[in-house]
Amino acid sequence: MLALKNKATNSLLRSEKKSLLRFLTLYVAMVIFLITLLSLFYYQSQEKLMLSDQRAMLTKYAYIQTRRLKVLHHFFPERVEYPRDPRFKSAIYDLEHMKIFSLLEDENVRFDAEEIYITNGHIHLVKMLDEFYLGTKYLVIEVKDSGAWRGEIWKNIITYGMVVFIFFMLFGLYLAKLFLKPMRDSIVLLDRFIKDTTHELNTPLSAILANIEMMDTDVMVEKNKTKLARINIAAKTVSVLYKDLTYLMLEEDQQNHDEEIEIKELIYNRVEYFSVLAQSKHIAYDLDLEESTIMMDRRKLTRVIDNLISNAIKYNKRNGTIGIRSREGLLVVWDTGIGIHEEKVPYIFDRYMRFNNSEGGFGIGLSIVKKIVDEYHISIEVDSKEGEGTKMVLRW
Amino acid sequence: MVKPIILCFGLVSCVFAQNAYERHCVECHKELPTSLQRMFMRYLLVYSGEENVKAGMKHYLKYPLKEISVMSDLFIDTYGIKEKTKLSDSEIDEALDIYWDKYKVFNKLK
């Protein structure tokens with residue numbers, strides 16, 4: 001019972017996991033976006049901080065260089081050697097941004113940008129002079145940017161980013177579980193109810209079918225025989241539905257026990273089982289069965305054949321025919337029933353898809369068939385004409 | 001008779017051989033104690049770029065005022081301000097172009 005419960009919960013969790021995955025995908029995308037945005041702001045603020053530190057030093061260099069330019073201005077043209085300093089490179093530009101002289105390694109000078117900026121591994125300070133020594137309006141001071149500050153910033157971004165990401169993920173997981181809990185409780189409740197109901201149907205259904213089998217019809221009056229036949233038909237219809245539900249709820253995930261199955265024998269068995277149903281609609285069988293075998297789980301093959309025969313009976317006309325042909329690697333089930341419109345054929349295997357509301361059922365039979373044949377790599381073809389009948393061809 | 005003609009011709013050809021700057025600027029400025037180079041540096045100190053320097057000089061030539069002179073008060077008090085120029089705009093521009101090319105700082109620093 002415990003194993004049953006766990007398996008049930010697991011199958012339920014699949015839909016929950018899907019919702020959880022979708023929520024988390026969206027959440028992760030948002031968290032990554034948020035962390036990226038924060039990292040960008042942090043990077044920019046740290047860069048500004050570094051530049052403001054550099055500004056003080058470069059302003060001092062600019063002051064020194066200005067004084068040297070002043071001297072050079074007064075002695076020009078007797079002295080023409082531009083003042084150099086090992087601590088920095090410099091350049092001078094006039095009012096019209098024309099270069100007067102430059103020692104810069106990176107000549108990409110921005111006059112309309114900020115006073116201090118980083119360009120290609122260099123830091124530039126553009127200082128505007130009040131007195132234009134040698135015509136200099138803009139004095140550019142350049143120092144190399146070691147990039148050490150950048151490494152430190154990246155280290156912080158990665159470390160704190162990971163911590164924040166993990167925190168947000170844990171928080172997100174907690175939130176998701178919190179949000180999904182009511183849905184999960186409802187699903188678990190519904191699932192348990194369906195399972196319990198299905199399980200509880202087994203005993204009375206078996207009792208009904210067994211007692212019908214045991215009844216002595218020879219001593220019955222004709223009127224009662226007919227009534228008993230109706231009970232038998234109804235019980236078998238419920239039995240097929242019960243087996244489909246049991247298969248979906250309880251057996252689907254069970255491990256396969258593949259064995260070599262004689263198809264002819266199994267079909268005779270199932271035809272016999274449905275004979276009462278067929279007789280009720282005066283349906284005749286046209287069996288063309290050759291010896292053939294298939295390696296498959298008996299439960300699953302039985303579900304396939306039961307559903308195909310059950311549908312062939314259910315959607316057949318009165319006095320119609322059901323044909324079953326088996327060859328090595330081939331099984332064909334056809335009927336002379338109402339058929340399906342050509343456009344609807346592609347949706348025939350969809351779960352809960354029903355094309356005729358006059359007959360009972362949940363529309364799960366053919367979806368089970370499709371699932372099983374897909375699992376065993378068996379191809380299934382549907383050939384149906386409205387008003388003429390349907391033919392199902394299985395090949396393996 | 002031939003000698004004065006040759007002398008006169010020589011003088012004329014000598015005048016026309018000089019450019020606008022030499023004809024209109026150097027002649028007067030050579031009397032002053034401050035060189036044209038130093039004056040140029042003073043203009044640079046105040047006006048910076050080529051266009052600005054030339055515009056400043058041209059304006060002063062046309063409208064000379066003590067208040068807008070780049071020279072020191074001592075210089076102005078001693079030598080006064082120049083007379084308003086009688087040159088045409090094109091002559092001023094030509095002379096200023098030559099003046100700029102002669103004393104500009106570009107390509108002179110090492």
# chains A, B, ... in the order shown; residues from 1 in each chain; ligands from 1
call {"tool": "interface_residues", "arguments": {"of": "chain B", "to": "chain A", "cutoff": "12 Å", "atoms": "only C-alpha atoms", "output": "list in words"}}
result
Gln37, Arg38, Met39, Phe40, Met41, Arg42, Tyr43, Leu44, Leu45, Val46, Tyr47, Ser48, Gly49, Glu50, Glu51, Asn52, Val53, Lys102, Tyr103, Lys104, Val105, Phe106, Asn107, Lys108, Leu109 and Lys110 of chain B
call {"tool": "write_last_selection", "arguments": {"atoms": "C-alpha atoms", "output": "PDB file, in the first residue's frame"}}
result
ATOM      1  CA  GLN B  37      57.203  86.775 -31.916  1.00  0.00           C
ATOM      2  CA  ARG B  38      56.541  87.895 -28.332  1.00  0.00           C
ATOM      3  CA  MET B  39      53.373  89.667 -29.380  1.00  0.00           C
ATOM      4  CA  PHE B  40      52.290  86.494 -31.126  1.00  0.00           C
ATOM      5  CA  MET B  41      52.855  84.527 -27.897  1.00  0.00           C
ATOM      6  CA  ARG B  42      50.719  87.056 -26.024  1.00  0.00           C
ATOM      7  CA  TYR B  43      47.917  86.537 -28.524  1.00  0.00           C
ATOM      8  CA  LEU B  44      48.278  82.770 -28.165  1.00  0.00           C
ATOM      9  CA  LEU B  45      48.082  83.127 -24.387  1.00  0.00           C
ATOM     10  CA  VAL B  46      44.725  84.871 -24.697  1.00  0.00           C
ATOM     11  CA  TYR B  47      43.127  83.439 -27.825  1.00  0.00           C
ATOM     12  CA  SER B  48      44.528  79.890 -28.242  1.00  0.00           C
ATOM     13  CA  GLY B  49      43.328  78.435 -31.592  1.00  0.00           C
ATOM     14  CA  GLU B  50      44.242  79.700 -35.060  1.00  0.00           C
ATOM     15  CA  GLU B  51      40.834  81.068 -35.970  1.00  0.00           C
ATOM     16  CA  ASN B  52      40.463  82.723 -32.604  1.00  0.00           C
ATOM     17  CA  VAL B  53      43.922  84.283 -32.684  1.00  0.00           C
ATOM     18  CA  LYS B 102      55.702  82.228 -39.289  1.00  0.00           C
ATOM     19  CA  TYR B 103      55.256  82.033 -35.523  1.00  0.00           C
ATOM     20  CA  LYS B 104      52.795  79.187 -34.885  1.00  0.00           C
ATOM     21  CA  VAL B 105      53.837  76.576 -32.326  1.00  0.00           C
ATOM     22  CA  PHE B 106      52.651  73.549 -34.352  1.00  0.00           C
ATOM     23  CA  ASN B 107      55.443  71.199 -35.405  1.00  0.00           C
ATOM     24  CA  LYS B 108      58.037  73.237 -33.538  1.00  0.00           C
ATOM     25  CA  LEU B 109      58.025  71.435 -30.207  1.00  0.00           C
ATOM     26  CA  LYS B 110      60.225  68.416 -29.751  1.00  0.00           C
TER      27      LYS B 110
END
call {"tool": "residues_around", "arguments": {"residues": "stretch 113-119 of chain A", "least_positions_apart": "5", "cutoff": "12 Å", "atoms": "only C-alpha atoms", "output": "VMD selection string"}}
result
chain A and resid 44 47 to 59 104 to 108 124 to 128 138 to 147 150
call {"tool": "write_last_selection", "arguments": {"atoms": "C-alpha atoms", "output": "mmCIF file, in the first residue's frame"}}
result
data_model
loop_
_atom_site.group_PDB
_atom_site.id
_atom_site.type_symbol
_atom_site.label_atom_id
_atom_site.label_comp_id
_atom_site.auth_asym_id
_atom_site.auth_seq_id
_atom_site.Cartn_x
_atom_site.Cartn_y
_atom_site.Cartn_z
ATOM 1 C CA GLN A 44 29.991 51.607 -12.779
ATOM 2 C CA GLU A 47 34.813 52.559 -11.789
ATOM 3 C CA LYS A 48 33.713 56.051 -10.753
ATOM 4 C CA LEU A 49 35.261 55.527 -7.344
ATOM 5 C CA MET A 50 38.558 54.475 -8.910
ATOM 6 C CA LEU A 51 38.474 57.449 -11.296
ATOM 7 C CA SER A 52 37.787 59.870 -8.472
ATOM 8 C CA ASP A 53 40.858 58.460 -6.681
ATOM 9 C CA GLN A 54 42.892 58.913 -9.855
ATOM 10 C CA ARG A 55 41.519 62.394 -10.466
ATOM 11 C CA ALA A 56 43.302 63.871 -7.464
ATOM 12 C CA MET A 57 46.657 62.494 -8.593
ATOM 13 C CA LEU A 58 46.193 63.444 -12.257
ATOM 14 C CA THR A 59 45.087 66.964 -11.301
ATOM 15 C CA LEU A 104 50.137 60.105 -25.549
ATOM 16 C CA GLU A 105 50.126 56.379 -26.187
ATOM 17 C CA ASP A 106 46.403 56.489 -26.858
ATOM 18 C CA GLU A 107 45.548 59.476 -29.036
ATOM 19 C CA ASN A 108 41.819 58.886 -28.684
ATOM 20 C CA HIS A 124 42.931 60.361 -19.459
ATOM 21 C CA LEU A 125 42.380 63.576 -17.548
ATOM 22 C CA VAL A 126 41.416 66.471 -19.812
ATOM 23 C CA LYS A 127 42.170 69.714 -18.016
ATOM 24 C CA MET A 128 41.018 73.039 -19.432
ATOM 25 C CA TYR A 138 43.244 71.465 -23.253
ATOM 26 C CA LEU A 139 45.992 69.699 -21.371
ATOM 27 C CA VAL A 140 45.612 65.911 -21.457
ATOM 28 C CA ILE A 141 47.327 63.837 -18.788
ATOM 29 C CA GLU A 142 47.596 60.104 -19.441
ATOM 30 C CA VAL A 143 48.512 57.261 -17.088
ATOM 31 C CA LYS A 144 48.349 53.533 -17.690
ATOM 32 C CA ASP A 145 45.396 51.659 -16.272
ATOM 33 C CA SER A 146 46.750 48.519 -14.605
ATOM 34 C CA GLY A 147 43.266 46.969 -14.527
ATOM 35 C CA ARG A 150 38.743 45.552 -12.536
#
call {"tool": "residues_around", "arguments": {"residues": "B:Asn19", "least_positions_apart": "5", "cutoff": "9 Å", "atoms": "only C-alpha atoms", "output": "list in words"}}
result
His24, Glu94, Ala95 and Ile98 of chain B
call {"tool": "write_last_selection", "arguments": {"atoms": "C-alpha atoms", "output": "PDB file, in the first residue's frame"}}
result
ATOM      1  CA  HIS B  24      52.279  96.225 -43.555  1.00  0.00           C
ATOM      2  CA  GLU B  94      46.817  87.733 -46.030  1.00  0.00           C
ATOM      3  CA  ALA B  95      49.191  89.382 -43.549  1.00  0.00           C
ATOM      4  CA  ILE B  98      51.694  84.778 -43.029  1.00  0.00           C
TER       5      ILE B  98
END
call {"tool": "select_by_dssp", "arguments": {"residues": "stretch 7-100 of chain B", "states": "helix (DSSP H, G or I)", "output": "VMD selection string"}}
result
chain B and resid 7 to 17 20 to 29 36 to 47 50 to 62 73 to 79 89 to 100
call {"tool": "select_by_dssp", "arguments": {"residues": "stretch 210-374 of chain A", "states": "strand (DSSP E or B)", "output": "list of chain:residue names"}}
result
A:Asp258, A:Glu259, A:Glu260, A:Ile261, A:Glu262, A:Ala284, A:Tyr285, A:Asp286, A:Leu287, A:Asp288, A:Leu289, A:Thr293, A:Ile294, A:Met295, A:Met296, A:Asp297, A:Thr321, A:Ile322, A:Gly323, A:Ile324, A:Arg325, A:Ser326, A:Arg327, A:Leu330, A:Leu331, A:Val332, A:Val333, A:Trp334, A:Asp335
call {"tool": "write_last_selection", "arguments": {"atoms": "N, CA, C and O atoms", "output": "short mmCIF file (atom, residue, chain, number, x, y, z; two decimals), in the first residue's frame"}}
result
data_model
loop_
_atom_site.label_atom_id
_atom_site.label_comp_id
_atom_site.auth_asym_id
_atom_site.auth_seq_id
_atom_site.Cartn_x
_atom_site.Cartn_y
_atom_site.Cartn_z
N ASP A 258 7.97 -8.76 -20.43
CA ASP A 258 7.78 -9.19 -21.81
C ASP A 258 7.89 -10.71 -21.95
O ASP A 258 8.74 -11.34 -21.32
N GLU A 259 7.02 -11.23 -22.79
CA GLU A 259 7.03 -12.68 -23.05
C GLU A 259 6.55 -12.89 -24.48
O GLU A 259 5.95 -12.00 -25.10
N GLU A 260 6.78 -14.07 -24.99
CA GLU A 260 6.34 -14.36 -26.35
C GLU A 260 4.87 -14.76 -26.29
O GLU A 260 4.53 -15.76 -25.64
N ILE A 261 4.04 -13.99 -26.93
CA ILE A 261 2.59 -14.23 -26.84
C ILE A 261 2.06 -14.73 -28.18
O ILE A 261 2.36 -14.15 -29.24
N GLU A 262 1.24 -15.78 -28.09
CA GLU A 262 0.54 -16.30 -29.29
C GLU A 262 -0.64 -15.37 -29.53
O GLU A 262 -1.59 -15.32 -28.74
N ALA A 284 -21.31 -9.82 -36.19
CA ALA A 284 -20.63 -11.08 -36.53
C ALA A 284 -19.12 -10.85 -36.60
O ALA A 284 -18.67 -9.75 -36.93
N TYR A 285 -18.37 -11.86 -36.25
CA TYR A 285 -16.91 -11.78 -36.34
C TYR A 285 -16.45 -12.38 -37.65
O TYR A 285 -16.99 -13.38 -38.11
N ASP A 286 -15.47 -11.78 -38.25
CA ASP A 286 -14.84 -12.35 -39.45
C ASP A 286 -13.36 -12.51 -39.11
O ASP A 286 -12.58 -11.57 -39.24
N LEU A 287 -13.01 -13.67 -38.61
CA LEU A 287 -11.63 -13.87 -38.12
C LEU A 287 -10.77 -14.56 -39.17
O LEU A 287 -11.17 -15.57 -39.75
N ASP A 288 -9.65 -13.99 -39.43
CA ASP A 288 -8.68 -14.57 -40.39
C ASP A 288 -7.33 -14.56 -39.67
O ASP A 288 -6.52 -13.65 -39.83
N LEU A 289 -7.13 -15.56 -38.82
CA LEU A 289 -5.97 -15.54 -37.93
C LEU A 289 -4.96 -16.61 -38.30
O LEU A 289 -5.30 -17.78 -38.41
N THR A 293 3.43 -14.55 -33.42
CA THR A 293 3.77 -14.23 -32.03
C THR A 293 4.33 -12.81 -31.93
O THR A 293 4.75 -12.22 -32.93
N ILE A 294 4.31 -12.32 -30.73
CA ILE A 294 4.91 -11.00 -30.47
C ILE A 294 5.54 -11.00 -29.07
O ILE A 294 5.02 -11.64 -28.16
N MET A 295 6.67 -10.31 -28.96
CA MET A 295 7.36 -10.21 -27.67
C MET A 295 6.83 -8.98 -26.95
O MET A 295 7.16 -7.85 -27.32
N MET A 296 5.99 -9.18 -25.97
CA MET A 296 5.34 -8.03 -25.34
C MET A 296 4.83 -8.37 -23.95
O MET A 296 4.72 -9.54 -23.59
N ASP A 297 4.50 -7.35 -23.20
CA ASP A 297 3.89 -7.54 -21.89
C ASP A 297 2.42 -7.93 -22.12
O ASP A 297 1.70 -7.22 -22.82
N THR A 321 -20.24 -6.14 -38.87
CA THR A 321 -19.19 -7.16 -38.83
C THR A 321 -17.93 -6.55 -38.21
O THR A 321 -17.64 -5.38 -38.42
N ILE A 322 -17.21 -7.39 -37.49
CA ILE A 322 -15.88 -7.01 -37.02
C ILE A 322 -14.90 -7.99 -37.62
O ILE A 322 -15.08 -9.21 -37.49
N GLY A 323 -13.90 -7.48 -38.30
CA GLY A 323 -12.90 -8.37 -38.90
C GLY A 323 -11.58 -8.26 -38.16
O GLY A 323 -11.16 -7.17 -37.80
N ILE A 324 -10.98 -9.39 -37.90
CA ILE A 324 -9.65 -9.37 -37.28
C ILE A 324 -8.76 -10.28 -38.13
O ILE A 324 -9.10 -11.44 -38.39
N ARG A 325 -7.66 -9.69 -38.57
CA ARG A 325 -6.73 -10.47 -39.40
C ARG A 325 -5.36 -10.40 -38.73
O ARG A 325 -4.92 -9.32 -38.36
N SER A 326 -4.74 -11.56 -38.56
CA SER A 326 -3.39 -11.52 -37.98
C SER A 326 -2.42 -12.31 -38.84
O SER A 326 -2.75 -13.37 -39.36
N ARG A 327 -1.27 -11.69 -39.03
CA ARG A 327 -0.16 -12.33 -39.76
C ARG A 327 1.09 -12.09 -38.93
O ARG A 327 1.05 -11.34 -37.94
N LEU A 330 1.79 -8.36 -38.25
CA LEU A 330 0.64 -7.56 -38.71
C LEU A 330 -0.63 -7.95 -37.94
O LEU A 330 -0.89 -9.13 -37.71
N LEU A 331 -1.36 -6.93 -37.55
CA LEU A 331 -2.67 -7.17 -36.93
C LEU A 331 -3.62 -6.09 -37.44
O LEU A 331 -3.32 -4.89 -37.35
N VAL A 332 -4.75 -6.56 -38.01
CA VAL A 332 -5.73 -5.61 -38.54
C VAL A 332 -7.07 -5.85 -37.84
O VAL A 332 -7.52 -7.00 -37.74
N VAL A 333 -7.65 -4.77 -37.35
CA VAL A 333 -9.00 -4.86 -36.76
C VAL A 333 -9.87 -3.88 -37.52
O VAL A 333 -9.57 -2.70 -37.57
N TRP A 334 -10.90 -4.37 -38.13
CA TRP A 334 -11.78 -3.46 -38.89
C TRP A 334 -13.24 -3.67 -38.50
O TRP A 334 -13.61 -4.70 -37.96
N ASP A 335 -14.03 -2.67 -38.78
CA ASP A 335 -15.45 -2.79 -38.46
C ASP A 335 -16.29 -2.12 -39.54
O ASP A 335 -15.75 -1.43 -40.41
#
call {"tool": "residues_around", "arguments": {"residues": "B:Tyr60", "least_positions_apart": "4", "cutoff": "10 Å", "atoms": "only C-alpha atoms", "output": "VMD selection string"}}
result
chain B and resid 54 to 56 64 to 66 68 to 70 81 to 82 84 to 85
call {"tool": "residues_around", "arguments": {"residues": "A:Leu24", "least_positions_apart": "6", "cutoff": "12 Å", "atoms": "only C-alpha atoms", "output": "VMD selection string"}}
result
chain A and resid 16 to 18 30 to 32 168 to 177
call {"tool": "closest_residue", "arguments": {"among": "B:Ala20, B:Leu36, B:Ile76, B:Cys28", "to": "B:Ser90", "atoms": "only C-alpha atoms"}}
result
B:Ala20
call {"tool": "atom_distance", "arguments": {"atom1": "atom CA of A:Lys195", "atom2": "atom CA of A:Ile364"}}
result
15.9 Å
